[in-house]
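Notes to accompany the following structure.
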Amino acid sequence: MSDEQSLSSRKSHFTHLSFNTSPDASDSVSRSHTPEREREAYQPPEVAKREETNILRAKILVALIILLAVCGVGSATYILVQDQERTNFKNQFAGYASEILTVSRQKADQLFLSLDAFSSSIASQAASENALQNTSWPFYSVPDWSIKAQRLAKLTGVSDATVSLYPIVPIDEMDEFNAFAAEAVPKWYEESVENENTDMTAEQFWNKTIPFIFVLARDSENNVQAVPPTGINETFPVLHTYPLRFDPQLGIMTTMYERATLDIFMSQVNIARALRRPTIGFTTLIDGPTPFPGSQILQPIYDTANTNEANKKMVAVALIRLHWLDYFKRVLTEGEFGIIVVLEGACAAHDGAGQEKQSVFVMSYRIDGQNAEYLGDSDLHNPKYNDMGVEDIFVDLGVDESQLPEGSCVPVMTMHVYPSEDLEKSFQTNNSVVYTTIVAVIFIFTSLVFLLYDYFVRRRQTKVMERIMRQDKIVANVFPTAIRDRLYQSQLNQSKRNTPNSGFQGDFEELDFEGDSNISGGAPLADLFPSITVVFADIAGFTAWSSAREPQQVFVLLETIYGAFDKIAYRHNVFKVETVGDCYVAAVGLPEPVDNHATVACKFARDCLKKMKEVTLKLEVSLGPDTGDLDLRTGIHSGQVTAGVLRGERSRFQLFGDTMNTAAQMEHSGERNRIQLSQATADMLTEAGLASWITRRSKTVYVKGKGDMQTFWLRKAKHLKGKGSDMSSDMLTVAEAAETEDESESIEDIGVGFDSESDQGMTKLERLVEWNVEVLASLLQQIIASRGGVVNDITPLFNAEERIGSGGGTVLDEFTPIIPLKRFEAEDLRARRRPSSIEIGDDAKSQLRSYLSQIAGMYKNNPFHNFRHASHVTASVKKLLTRIVKFGEGNGLAVGSGSQNRADGGDDVNLDDLAGHSYGITSDPLTQFAVVFSAIIHDVDHPGVPNAQLVKENTRNALIYKKSVAEQNSVELAWDMLMADEYSALRACIYQTEADLQRFRQLVVNTVMATDIVDKELQALRKKRWEVAFSSDKDQEGHDDRKATIVIEHLIQASDVSHTMQHWHLYKEWNEMFFMECYGAYKAGRADSDPSVNWYKSEIGFFDFYVIPLAKKLASCGVFGVSSDEYLNYANANREEWVRDGEALVQEYIARFSNGR
């Protein structure tokens, strides 16, 4: 229904606009209060507080007593259980600590006993063999060294221990020892290699051995080299070592240590000589990439096995290096864990002036059952367990410190054992909580018994109160505050008259909105408001716009615009009366009087006008073409109204009076993007000193029942002047000076706050491009979701891409009557991800935007065949595709019986019926993408003249393509650009296999070629294919694919002329643009006949022989739902309108063309 036709139906409603205030319709109530105002205005009623005070006090006292009892008993229970768990923890730890100290000390004692036995064994064996062979130390090689050292390592309990033998070689015997070692070491290598199963042979070890005692020194060129030692009395070469490992300094040498390690070694040698007993020192051991602090124990070996001989001489030393980690393994049993052991080594160094105890090292370990872990070289136990720590001597060699060389010391190792938090937590249970909860439950049960009685007493009162609260909130949301208070007072007075001794009960009486008592029991609640201003704001072009949109899009627009208006109304304290269709009605001065209500109404209308443009320009990106062209037509009138509550079924707050009708006429007789004021409103602005805000309209307006009326426009202005104004400069400006009457009635007079599209950040073309980007991006998400979210590199498809269209034929040669579509698989669909969860990637999105921008730039500036028209066709394609696939939410799947659940928790879907209903179009998102893509590119580079003219002119494209010239050229241009390297990420989203590529190409070719509706041969072929598809046996091969192919072609054909099957205003607009294009071609000499001569009749024929039959086909194919009926109804209505007004319109077209408009 056109805007003009809707006026009469609106007028009767506008004269008594109302709100539904029935309690059961509270969710649909709309008013000027926003949620913030509602929270401020609404206060729940206070009922019978005095009657409940004493009862409430008693309840509070009992509740406090029970609460104190629960807290006291519960706390005591909790503390006792916690203390018991803490005691168990301490006792268990004490047992663990005692076990660790005992076992570790036993292992340490065993270590030193094993070393002593080892050194005695070597000394005894050496003494015997030296006596037999007449040899002596250091010229002695220990036989079976590898076996003896391996046995010692096992006895020590340390798996990674290193055992080495260092004979003491005087410097004057060094050459002789070198010769001895050259014979002895290879034999030792052979023995060790055989026993230890090393990867290297004895010969390889020897080849890497430096065969003399050496030290490392630098030559004149600063190179490191091995040289014989000088300036010392004795050396300590390594004659044997276990296990045998390759080392760059392997073999007989002075030392393989760094300087710091050497100092420790020599200090231990000196102590061992002085004390004639083993000694211990500390060093850093390398275990893989991680260094560990460890110990090295030096055991002296003498020239005799008699330990009591006073003159025995130390001839060699056995050195075992280890870290203590192995000593703490297998100490506890499995299940015993969380023990921290800290080893502390301290010694008393003798410096000649006294003794001073000093710490040498600290190491921390954690023991968990049979395993142990090195933590670090510091004390890492938790300080909160200091009071639980247990310590004991771990290693004490019993050294007489007075016999030590000056500056030397033999450390005493102390072991400290602490628990960890993990161990403590293992003893922490929820028993304390459980027992405390049991106590609390007992008290709570007692309390419930007490409360049960109160519950039954209060149940009825609570129900009554809930109804009153619900009613009060509804009333507060619907009625003005004054009206609401009067409703309550009226009901209260009536209740007291009916029940004089009502007392408490009367306060609970609820309002009866629908009963007869309110009608007969008192006067209606109504008031006369002698001076208010009413604003009517209608969305111009909405009816035509909505005819090309999906229902959801229509409501998105209305909700967004009206929501913005509601916020403006709240800011200006304007009362929102009603929204009827696309008309927004508000009033100022009602229900609370406002002195400057006309001024406020103008401010409100101005802000709504500005906001309307801002919102529509932004929504054009999501709602599609022409959304930004919607405008607001506003009318304002001031006068008196009668307002009140019309009681009965669905009570309403209504406004009555001539003011409502006049305000509606001001809106209807106004113009787009303009605010029309009545004489009454203009007079009020003039009295307020704001005459410069308005300008007289050049012609009068006829108002039914009033005759001709002089009206005014609200002007655009730059500065705020005039007395009585309380507006800030950012709300409404006024004119610099009074101007002459507005003869041109230009929209420049409207103070909408912006003058160009650039103020909104994007041009109309950019918004169209962005909308197309969003449409295609959403389809790409569906394509990727159908592939399980896979987007791989498509480099392997480059050859296949190059083969497309390279066979020497034309695009039309690729046309095929049947395109095999990808078939529906229920299991895959159930597991498919929601498309909204798919990210197509920034690169692909950027390439899509770039591609569509390039496509838009390739469209010529034709009146009809331009990018805007392509976007209009795309909107229709999208709408029709939505009708095919959107029976329910989630992947376009039907909701209904026989459905199954998707894996992602989406809506139930009818997997059996969906594919058959749509002939497979819903099965493949690539099909939907290809059709939308084709709609966007189908007129690229269109020259603005028909194909027949191009053939006649022998253009280059006509010579190449022969027929369907413009369509084939569009496909070639768009496809070649898509195949460019810069769009590889976009193509990877579209297809991943050669089969998908071929299907995409075929769909684009067929769809674009279908837009050539002038070629009679092609049209006859399509008609025949339609008859075959929809009249043939369903069992024939490719039946559904044949139907799907022809349905797609008719879908694009209908969309290409969708303006003929939409609202009359849209049809007129596009029909005029097409006329201008054809008439312009004729005037330019590119057409043989004047199109204006037969334009009227040809349009009737176009409706009769193409548009209406096409709309009927849409209905007969059965896949487009109500859209096919909608298209057919609009086509028939437009034909009737054209028959009636077409001849006059053609003359208007010619006149506008001549005037250059």
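Chain identifiers are assigned as A, B, and so on, following the order in which chains appear in the structure tokens; residues are numbered from 1 within each chain, and ligands are numbered from 1 in order of appearance.
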Report as number ranges by chain all protein, DNA and RNA residues lying within 8 Å of Tyr78 (chain A), evaluated on only C-alpha atoms, omitting residues in the same chain fewer than 2 positions from it. A: 74-76, 80-82, 432-433, 435-436
Residues from last step as file, all heavy atoms, as a PDB file, in the first residue's frame:
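The result, stored in out_26.pdb:
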ATOM      1  N   GLY A  74      29.363 -24.937  65.406  1.00  0.00           N
ATOM      2  CA  GLY A  74      30.061 -25.258  64.161  1.00  0.00           C
ATOM      3  C   GLY A  74      31.525 -24.887  64.213  1.00  0.00           C
ATOM      4  O   GLY A  74      32.391 -25.653  63.764  1.00  0.00           O
ATOM      5  N   SER A  75      31.836 -23.712  64.761  1.00  0.00           N
ATOM      6  CA  SER A  75      33.237 -23.285  64.855  1.00  0.00           C
ATOM      7  C   SER A  75      34.037 -24.214  65.748  1.00  0.00           C
ATOM      8  O   SER A  75      35.183 -24.575  65.431  1.00  0.00           O
ATOM      9  CB  SER A  75      33.303 -21.852  65.387  1.00  0.00           C
ATOM     10  OG  SER A  75      32.647 -20.962  64.505  1.00  0.00           O
ATOM     11  N   ALA A  76      33.465 -24.608  66.884  1.00  0.00           N
ATOM     12  CA  ALA A  76      34.172 -25.525  67.792  1.00  0.00           C
ATOM     13  C   ALA A  76      34.444 -26.855  67.108  1.00  0.00           C
ATOM     14  O   ALA A  76      35.552 -27.418  67.226  1.00  0.00           O
ATOM     15  CB  ALA A  76      33.341 -25.728  69.059  1.00  0.00           C
ATOM     16  N   LEU A  80      38.337 -28.341  66.336  1.00  0.00           N
ATOM     17  CA  LEU A  80      38.786 -29.617  66.908  1.00  0.00           C
ATOM     18  C   LEU A  80      39.231 -30.589  65.818  1.00  0.00           C
ATOM     19  O   LEU A  80      40.270 -31.263  65.961  1.00  0.00           O
ATOM     20  CB  LEU A  80      37.644 -30.235  67.723  1.00  0.00           C
ATOM     21  CG  LEU A  80      37.311 -29.528  69.051  1.00  0.00           C
ATOM     22  CD1 LEU A  80      36.072 -30.150  69.695  1.00  0.00           C
ATOM     23  CD2 LEU A  80      38.502 -29.593  70.013  1.00  0.00           C
ATOM     24  N   VAL A  81      38.465 -30.682  64.757  1.00  0.00           N
ATOM     25  CA  VAL A  81      38.845 -31.600  63.672  1.00  0.00           C
ATOM     26  C   VAL A  81      40.138 -31.136  63.003  1.00  0.00           C
ATOM     27  O   VAL A  81      41.020 -31.947  62.691  1.00  0.00           O
ATOM     28  CB  VAL A  81      37.696 -31.710  62.650  1.00  0.00           C
ATOM     29  CG1 VAL A  81      38.118 -32.569  61.458  1.00  0.00           C
ATOM     30  CG2 VAL A  81      36.451 -32.298  63.290  1.00  0.00           C
ATOM     31  N   GLN A  82      40.283 -29.823  62.800  1.00  0.00           N
ATOM     32  CA  GLN A  82      41.516 -29.299  62.210  1.00  0.00           C
ATOM     33  C   GLN A  82      42.721 -29.606  63.082  1.00  0.00           C
ATOM     34  O   GLN A  82      43.780 -29.994  62.576  1.00  0.00           O
ATOM     35  CB  GLN A  82      41.372 -27.785  62.004  1.00  0.00           C
ATOM     36  CG  GLN A  82      40.414 -27.379  60.892  1.00  0.00           C
ATOM     37  CD  GLN A  82      41.063 -27.442  59.524  1.00  0.00           C
ATOM     38  OE1 GLN A  82      42.134 -26.906  59.306  1.00  0.00           O
ATOM     39  NE2 GLN A  82      40.397 -28.110  58.588  1.00  0.00           N
ATOM     40  N   SER A 432      36.448 -31.743  58.591  1.00  0.00           N
ATOM     41  CA  SER A 432      36.048 -30.597  59.402  1.00  0.00           C
ATOM     42  C   SER A 432      34.823 -29.922  58.800  1.00  0.00           C
ATOM     43  O   SER A 432      33.908 -29.516  59.526  1.00  0.00           O
ATOM     44  CB  SER A 432      37.202 -29.604  59.521  1.00  0.00           C
ATOM     45  OG  SER A 432      37.626 -29.182  58.229  1.00  0.00           O
ATOM     46  N   VAL A 433      34.808 -29.829  57.492  1.00  0.00           N
ATOM     47  CA  VAL A 433      33.650 -29.231  56.823  1.00  0.00           C
ATOM     48  C   VAL A 433      32.431 -30.130  56.947  1.00  0.00           C
ATOM     49  O   VAL A 433      31.307 -29.666  57.192  1.00  0.00           O
ATOM     50  CB  VAL A 433      33.969 -28.955  55.337  1.00  0.00           C
ATOM     51  CG1 VAL A 433      32.751 -28.402  54.619  1.00  0.00           C
ATOM     52  CG2 VAL A 433      35.146 -28.008  55.209  1.00  0.00           C
ATOM     53  N   TYR A 435      31.737 -32.456  59.293  1.00  0.00           N
ATOM     54  CA  TYR A 435      31.176 -32.476  60.646  1.00  0.00           C
ATOM     55  C   TYR A 435      30.499 -31.149  60.985  1.00  0.00           C
ATOM     56  O   TYR A 435      29.447 -31.110  61.623  1.00  0.00           O
ATOM     57  CB  TYR A 435      32.267 -32.778  61.661  1.00  0.00           C
ATOM     58  CG  TYR A 435      32.866 -34.158  61.512  1.00  0.00           C
ATOM     59  CD1 TYR A 435      34.183 -34.421  61.862  1.00  0.00           C
ATOM     60  CD2 TYR A 435      32.110 -35.212  61.005  1.00  0.00           C
ATOM     61  CE1 TYR A 435      34.737 -35.677  61.723  1.00  0.00           C
ATOM     62  CE2 TYR A 435      32.649 -36.472  60.855  1.00  0.00           C
ATOM     63  CZ  TYR A 435      33.971 -36.698  61.209  1.00  0.00           C
ATOM     64  OH  TYR A 435      34.508 -37.940  61.069  1.00  0.00           O
ATOM     65  N   THR A 436      31.147 -30.052  60.522  1.00  0.00           N
ATOM     66  CA  THR A 436      30.528 -28.745  60.769  1.00  0.00           C
ATOM     67  C   THR A 436      29.207 -28.629  60.022  1.00  0.00           C
ATOM     68  O   THR A 436      28.230 -28.078  60.542  1.00  0.00           O
ATOM     69  CB  THR A 436      31.481 -27.629  60.331  1.00  0.00           C
ATOM     70  OG1 THR A 436      32.726 -27.768  61.019  1.00  0.00           O
ATOM     71  CG2 THR A 436      30.894 -26.267  60.635  1.00  0.00           C
TER      72      THR A 436
END
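With only C-alpha atoms taken into account, the protein and nucleic acid residues at most 10 Å from Trp545 (chain A) (excluding it and anything under 5 positions from it in its own chain) are A:Ala540, A:Val554, A:Pro625, A:Asp626, A:Thr627, A:Asp629, A:Leu630, A:Gln1062, A:His1063, A:His1065, A:Leu1066.
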Okay, now the selection with N, CA and C atoms, as a short mmCIF file (atom, residue, chain, number, x, y, z; two decimals), in the first residue's frame?
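Contents of the output file out_38.cif:
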data_model
loop_
_atom_site.label_atom_id
_atom_site.label_comp_id
_atom_site.auth_asym_id
_atom_site.auth_seq_id
_atom_site.Cartn_x
_atom_site.Cartn_y
_atom_site.Cartn_z
N ALA A 540 9.86 7.92 5.19
CA ALA A 540 9.53 8.05 3.77
C ALA A 540 10.29 7.02 2.96
N VAL A 554 13.38 -5.99 8.00
CA VAL A 554 12.44 -4.90 8.26
C VAL A 554 12.41 -4.57 9.73
N PRO A 625 21.26 -2.29 -0.32
CA PRO A 625 21.09 -1.08 -1.14
C PRO A 625 19.86 -0.28 -0.77
N ASP A 626 19.98 1.04 -0.90
CA ASP A 626 18.88 2.00 -0.75
C ASP A 626 18.45 2.22 0.69
N THR A 627 19.05 1.51 1.64
CA THR A 627 18.71 1.77 3.04
C THR A 627 19.08 3.20 3.42
N ASP A 629 18.93 5.66 1.62
CA ASP A 629 18.07 6.63 0.94
C ASP A 629 16.76 6.86 1.69
N LEU A 630 16.50 6.06 2.74
CA LEU A 630 15.30 6.29 3.53
C LEU A 630 15.40 7.62 4.26
N GLN A 1062 8.24 -5.72 -7.19
CA GLN A 1062 8.35 -5.11 -5.87
C GLN A 1062 7.42 -3.90 -5.81
N HIS A 1063 7.54 -3.10 -4.77
CA HIS A 1063 6.61 -1.99 -4.59
C HIS A 1063 6.61 -1.05 -5.79
N HIS A 1065 6.70 2.13 -6.07
CA HIS A 1065 7.70 3.18 -6.07
C HIS A 1065 9.05 2.68 -6.59
N LEU A 1066 9.43 1.46 -6.19
CA LEU A 1066 10.68 0.89 -6.71
C LEU A 1066 10.58 0.63 -8.20
#
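Residues with any atom within 9 Å of Ala153 (chain A), counting only C-alpha atoms and excluding same-chain neighbours fewer than 6 positions away, are A:Ser159, A:Asp160, A:Ala161, A:Thr162, A:Val163, A:Ile320.
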As an exercise, work out the distance from CA of Asp607 (chain A) to CA of Glu770 (chain A) in Å and give it to one decimal place.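 Taking CA of Asp607 (chain A) as the start and CA of Glu770 (chain A) as the end point, the length is 27.1 Å.
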Which residues are close to region 989-1005 of chain A, i.e. within 8 Å by only C-alpha atoms, leaving aside same-chain residues fewer than 5 positions away? Reply as a PDB file with N, CA and C atoms, in the first residue's frame.
ATOM      1  N   LEU A 780      30.916 -17.547   2.292  1.00  0.00           N
ATOM      2  CA  LEU A 780      32.219 -18.207   2.391  1.00  0.00           C
ATOM      3  C   LEU A 780      32.334 -18.972   3.704  1.00  0.00           C
ATOM      4  N   ILE A 783      30.648 -22.189   3.151  1.00  0.00           N
ATOM      5  CA  ILE A 783      31.454 -23.089   2.312  1.00  0.00           C
ATOM      6  C   ILE A 783      32.542 -23.753   3.149  1.00  0.00           C
ATOM      7  N   ILE A 784      33.253 -22.947   3.930  1.00  0.00           N
ATOM      8  CA  ILE A 784      34.345 -23.503   4.743  1.00  0.00           C
ATOM      9  C   ILE A 784      33.802 -24.460   5.787  1.00  0.00           C
ATOM     10  N   VAL A 791      40.938 -24.836   5.024  1.00  0.00           N
ATOM     11  CA  VAL A 791      41.327 -23.896   3.968  1.00  0.00           C
ATOM     12  C   VAL A 791      42.812 -24.116   3.693  1.00  0.00           C
ATOM     13  N   ASN A 792      43.120 -24.912   2.669  1.00  0.00           N
ATOM     14  CA  ASN A 792      44.506 -25.229   2.337  1.00  0.00           C
ATOM     15  C   ASN A 792      44.983 -24.387   1.156  1.00  0.00           C
ATOM     16  N   ILE A 794      46.044 -23.547  -2.479  1.00  0.00           N
ATOM     17  CA  ILE A 794      45.501 -24.089  -3.737  1.00  0.00           C
ATOM     18  C   ILE A 794      46.521 -24.009  -4.860  1.00  0.00           C
ATOM     19  N   LEU A 797      46.260 -26.293  -7.761  1.00  0.00           N
ATOM     20  CA  LEU A 797      45.158 -26.102  -8.707  1.00  0.00           C
ATOM     21  C   LEU A 797      45.465 -25.043  -9.759  1.00  0.00           C
ATOM     22  N   ALA A 800      44.896 -26.182 -13.283  1.00  0.00           N
ATOM     23  CA  ALA A 800      43.468 -26.335 -13.568  1.00  0.00           C
ATOM     24  C   ALA A 800      42.817 -24.985 -13.767  1.00  0.00           C
ATOM     25  N   GLU A 801      43.228 -23.988 -13.003  1.00  0.00           N
ATOM     26  CA  GLU A 801      42.677 -22.641 -13.158  1.00  0.00           C
ATOM     27  C   GLU A 801      43.039 -22.057 -14.517  1.00  0.00           C
ATOM     28  N   VAL A 811      32.535 -18.147 -23.826  1.00  0.00           N
ATOM     29  CA  VAL A 811      31.877 -18.469 -22.557  1.00  0.00           C
ATOM     30  C   VAL A 811      30.567 -19.189 -22.809  1.00  0.00           C
ATOM     31  N   LEU A 812      29.842 -18.758 -23.806  1.00  0.00           N
ATOM     32  CA  LEU A 812      28.548 -19.374 -24.092  1.00  0.00           C
ATOM     33  C   LEU A 812      28.707 -20.850 -24.474  1.00  0.00           C
ATOM     34  N   GLU A 814      30.473 -22.914 -23.022  1.00  0.00           N
ATOM     35  CA  GLU A 814      30.584 -23.695 -21.790  1.00  0.00           C
ATOM     36  C   GLU A 814      29.229 -23.968 -21.149  1.00  0.00           C
ATOM     37  N   PHE A 815      28.166 -23.340 -21.663  1.00  0.00           N
ATOM     38  CA  PHE A 815      26.840 -23.521 -21.089  1.00  0.00           C
ATOM     39  C   PHE A 815      26.447 -24.995 -21.145  1.00  0.00           C
ATOM     40  N   THR A 816      25.833 -25.495 -20.076  1.00  0.00           N
ATOM     41  CA  THR A 816      25.377 -26.878 -20.028  1.00  0.00           C
ATOM     42  C   THR A 816      23.980 -26.910 -19.437  1.00  0.00           C
ATOM     43  N   ILE A 819      23.761 -29.046 -14.413  1.00  0.00           N
ATOM     44  CA  ILE A 819      24.967 -28.902 -13.580  1.00  0.00           C
ATOM     45  C   ILE A 819      24.851 -29.868 -12.408  1.00  0.00           C
ATOM     46  N   PRO A 820      25.749 -30.850 -12.302  1.00  0.00           N
ATOM     47  CA  PRO A 820      25.685 -31.778 -11.153  1.00  0.00           C
ATOM     48  C   PRO A 820      26.054 -31.028  -9.868  1.00  0.00           C
ATOM     49  N   LEU A 821      25.129 -30.983  -8.930  1.00  0.00           N
ATOM     50  CA  LEU A 821      25.376 -30.315  -7.667  1.00  0.00           C
ATOM     51  C   LEU A 821      25.910 -31.305  -6.639  1.00  0.00           C
ATOM     52  N   ILE A 840      37.132 -16.539   8.144  1.00  0.00           N
ATOM     53  CA  ILE A 840      37.681 -16.710   6.792  1.00  0.00           C
ATOM     54  C   ILE A 840      39.082 -16.128   6.681  1.00  0.00           C
ATOM     55  N   ALA A 844      41.873 -13.165   3.294  1.00  0.00           N
ATOM     56  CA  ALA A 844      40.762 -13.458   2.386  1.00  0.00           C
ATOM     57  C   ALA A 844      39.718 -12.353   2.435  1.00  0.00           C
ATOM     58  N   LEU A 926      28.473 -23.744  -1.945  1.00  0.00           N
ATOM     59  CA  LEU A 926      29.167 -23.201  -3.111  1.00  0.00           C
ATOM     60  C   LEU A 926      28.172 -22.788  -4.191  1.00  0.00           C
ATOM     61  N   THR A 927      27.074 -23.525  -4.315  1.00  0.00           N
ATOM     62  CA  THR A 927      26.047 -23.169  -5.285  1.00  0.00           C
ATOM     63  C   THR A 927      25.449 -21.811  -4.949  1.00  0.00           C
ATOM     64  N   ALA A 930      27.956 -19.056  -5.691  1.00  0.00           N
ATOM     65  CA  ALA A 930      28.131 -18.812  -7.125  1.00  0.00           C
ATOM     66  C   ALA A 930      26.984 -17.976  -7.680  1.00  0.00           C
ATOM     67  N   VAL A 931      25.757 -18.219  -7.218  1.00  0.00           N
ATOM     68  CA  VAL A 931      24.610 -17.465  -7.725  1.00  0.00           C
ATOM     69  C   VAL A 931      24.698 -16.008  -7.286  1.00  0.00           C
ATOM     70  N   PHE A 933      27.446 -14.405  -6.370  1.00  0.00           N
ATOM     71  CA  PHE A 933      28.614 -13.868  -7.071  1.00  0.00           C
ATOM     72  C   PHE A 933      28.228 -13.459  -8.496  1.00  0.00           C
ATOM     73  N   SER A 934      27.445 -14.297  -9.156  1.00  0.00           N
ATOM     74  CA  SER A 934      27.020 -14.000 -10.532  1.00  0.00           C
ATOM     75  C   SER A 934      26.139 -12.760 -10.580  1.00  0.00           C
ATOM     76  N   VAL A 971      31.483 -12.031 -17.748  1.00  0.00           N
ATOM     77  CA  VAL A 971      32.068 -13.237 -17.144  1.00  0.00           C
ATOM     78  C   VAL A 971      33.579 -13.254 -17.345  1.00  0.00           C
TER      79      VAL A 971
END
Within 9 Å of region 945-949 of chain A, counting only C-alpha atoms, which residues qualify if same-chain residues fewer than 2 places away don't, as a list in words?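 Once the nearby chain positions are removed, what remains is His942, Pro943, Val951, Lys952, Glu953, Asn954, Ala958, Lys963, Ser964, Val965, Ala966, Glu967, Asp1012, Val1014, Asp1015, Glu1077, Cys1078, Ala1081, Arg1086, Ala1087 and Asp1088 of chain A.
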As an MDAnalysis selection string, please: every residue in region 142-309 of chain A that a backbone DSSP assignment puts in alpha helix (DSSP H). chainID A and resid 145:156 174:196 202:207 259:275
Keeping C-alpha atoms, export the residues of the selection given above as a short mmCIF file (atom, residue, chain, number, x, y, z; two decimals), in the first residue's frame.
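The new file again_30.cif reads:
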data_model
loop_
_atom_site.label_atom_id
_atom_site.label_comp_id
_atom_site.auth_asym_id
_atom_site.auth_seq_id
_atom_site.Cartn_x
_atom_site.Cartn_y
_atom_site.Cartn_z
CA TRP A 145 90.50 -52.32 37.64
CA SER A 146 87.15 -52.01 35.90
CA ILE A 147 85.68 -54.93 37.85
CA LYS A 148 86.99 -53.68 41.21
CA ALA A 149 85.82 -50.10 40.62
CA GLN A 150 82.41 -51.28 39.44
CA ARG A 151 82.01 -53.37 42.59
CA LEU A 152 82.98 -50.36 44.73
CA ALA A 153 80.44 -48.15 43.00
CA LYS A 154 77.68 -50.67 43.73
CA LEU A 155 78.72 -50.95 47.37
CA THR A 156 78.54 -47.18 47.78
CA MET A 174 108.17 -38.70 35.20
CA ASP A 175 109.93 -39.96 32.04
CA GLU A 176 110.18 -43.45 33.40
CA PHE A 177 106.47 -43.35 34.33
CA ASN A 178 105.56 -42.15 30.83
CA ALA A 179 107.26 -45.25 29.41
CA PHE A 180 105.51 -47.48 31.94
CA ALA A 181 102.11 -45.94 31.19
CA ALA A 182 102.57 -46.37 27.44
CA GLU A 183 102.53 -50.14 28.07
CA ALA A 184 100.06 -50.33 30.95
CA VAL A 185 97.33 -47.99 29.74
CA PRO A 186 96.50 -49.83 26.46
CA LYS A 187 96.11 -53.05 28.44
CA TRP A 188 93.79 -51.29 30.88
CA TYR A 189 91.81 -49.93 27.93
CA GLU A 190 91.37 -53.42 26.48
CA GLU A 191 90.25 -54.78 29.83
CA SER A 192 87.80 -51.93 30.46
CA VAL A 193 86.38 -51.94 26.93
CA GLU A 194 85.62 -55.64 27.22
CA ASN A 195 84.08 -55.36 30.67
CA GLU A 196 82.10 -52.12 30.12
CA ALA A 202 90.84 -49.79 23.03
CA GLU A 203 92.88 -48.67 20.04
CA GLN A 204 90.55 -45.68 19.48
CA PHE A 205 90.90 -44.71 23.13
CA TRP A 206 94.68 -44.94 22.92
CA ASN A 207 94.86 -42.95 19.69
CA ARG A 259 91.86 -24.39 38.72
CA ALA A 260 89.21 -24.22 41.45
CA THR A 261 88.72 -27.97 41.35
CA LEU A 262 92.47 -28.53 41.42
CA ASP A 263 92.77 -26.45 44.57
CA ILE A 264 90.13 -28.62 46.25
CA PHE A 265 91.94 -31.75 45.12
CA MET A 266 95.36 -30.64 46.39
CA SER A 267 93.84 -29.46 49.65
CA GLN A 268 92.35 -32.92 50.16
CA VAL A 269 95.72 -34.56 49.32
CA ASN A 270 97.48 -32.46 51.92
CA ILE A 271 94.83 -33.23 54.55
CA ALA A 272 95.00 -36.96 53.78
CA ARG A 273 98.79 -36.91 54.21
CA ALA A 274 98.55 -35.04 57.45
CA LEU A 275 95.76 -37.12 58.96
#
Ala643 (chain A): which residues within 9 Å, counting only C-alpha atoms, same-chain residues fewer than 5 positions away excluded, as a PDB file with C-alpha atoms, in the first residue's frame?
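Here's the written file out-v1.pdb:
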ATOM      1  CA  HIS A  16      -7.166   8.376  19.464  1.00  0.00           C
ATOM      2  CA  LEU A 525      -9.740   8.921  34.552  1.00  0.00           C
ATOM      3  CA  ALA A 526      -9.313  11.575  31.887  1.00  0.00           C
ATOM      4  CA  ASP A 527      -7.906  15.082  31.574  1.00  0.00           C
ATOM      5  CA  LEU A 528      -7.911  17.937  29.138  1.00  0.00           C
ATOM      6  CA  PHE A 529      -4.433  19.145  28.220  1.00  0.00           C
ATOM      7  CA  LEU A 590       1.870  15.602  28.378  1.00  0.00           C
ATOM      8  CA  PRO A 591       1.428  14.279  31.025  1.00  0.00           C
ATOM      9  CA  PHE A 653      -4.057   5.437  27.767  1.00  0.00           C
ATOM     10  CA  GLN A 654      -5.397   7.352  24.802  1.00  0.00           C
ATOM     11  CA  LEU A 655      -5.126  10.770  23.190  1.00  0.00           C
ATOM     12  CA  PHE A 656      -8.131  12.261  21.385  1.00  0.00           C
ATOM     13  CA  GLY A 657      -8.770  15.473  19.538  1.00  0.00           C
TER      14      GLY A 657
END
Quick one: everything within 8 Å of region 670-674 of chain A, counting only C-alpha atoms, minus sequence neighbours fewer than 2 positions away in the same chain. Send it as a PyMOL selection string. chain A and resi 540+609+631-635+666-668+676+713-714+747+749-750
Among A:Ile694, A:Ile280, A:Val585, A:Val142, Ala123 (chain A) is approached most closely, using only C-alpha atoms, by A:Val142
Give me, as a PyMOL selection string, the residues of region 308-427 of chain A that a backbone DSSP run labels strand (DSSP E or B). chain A and resi 314-322+339-350+355-368+371-376+390-395+412-419
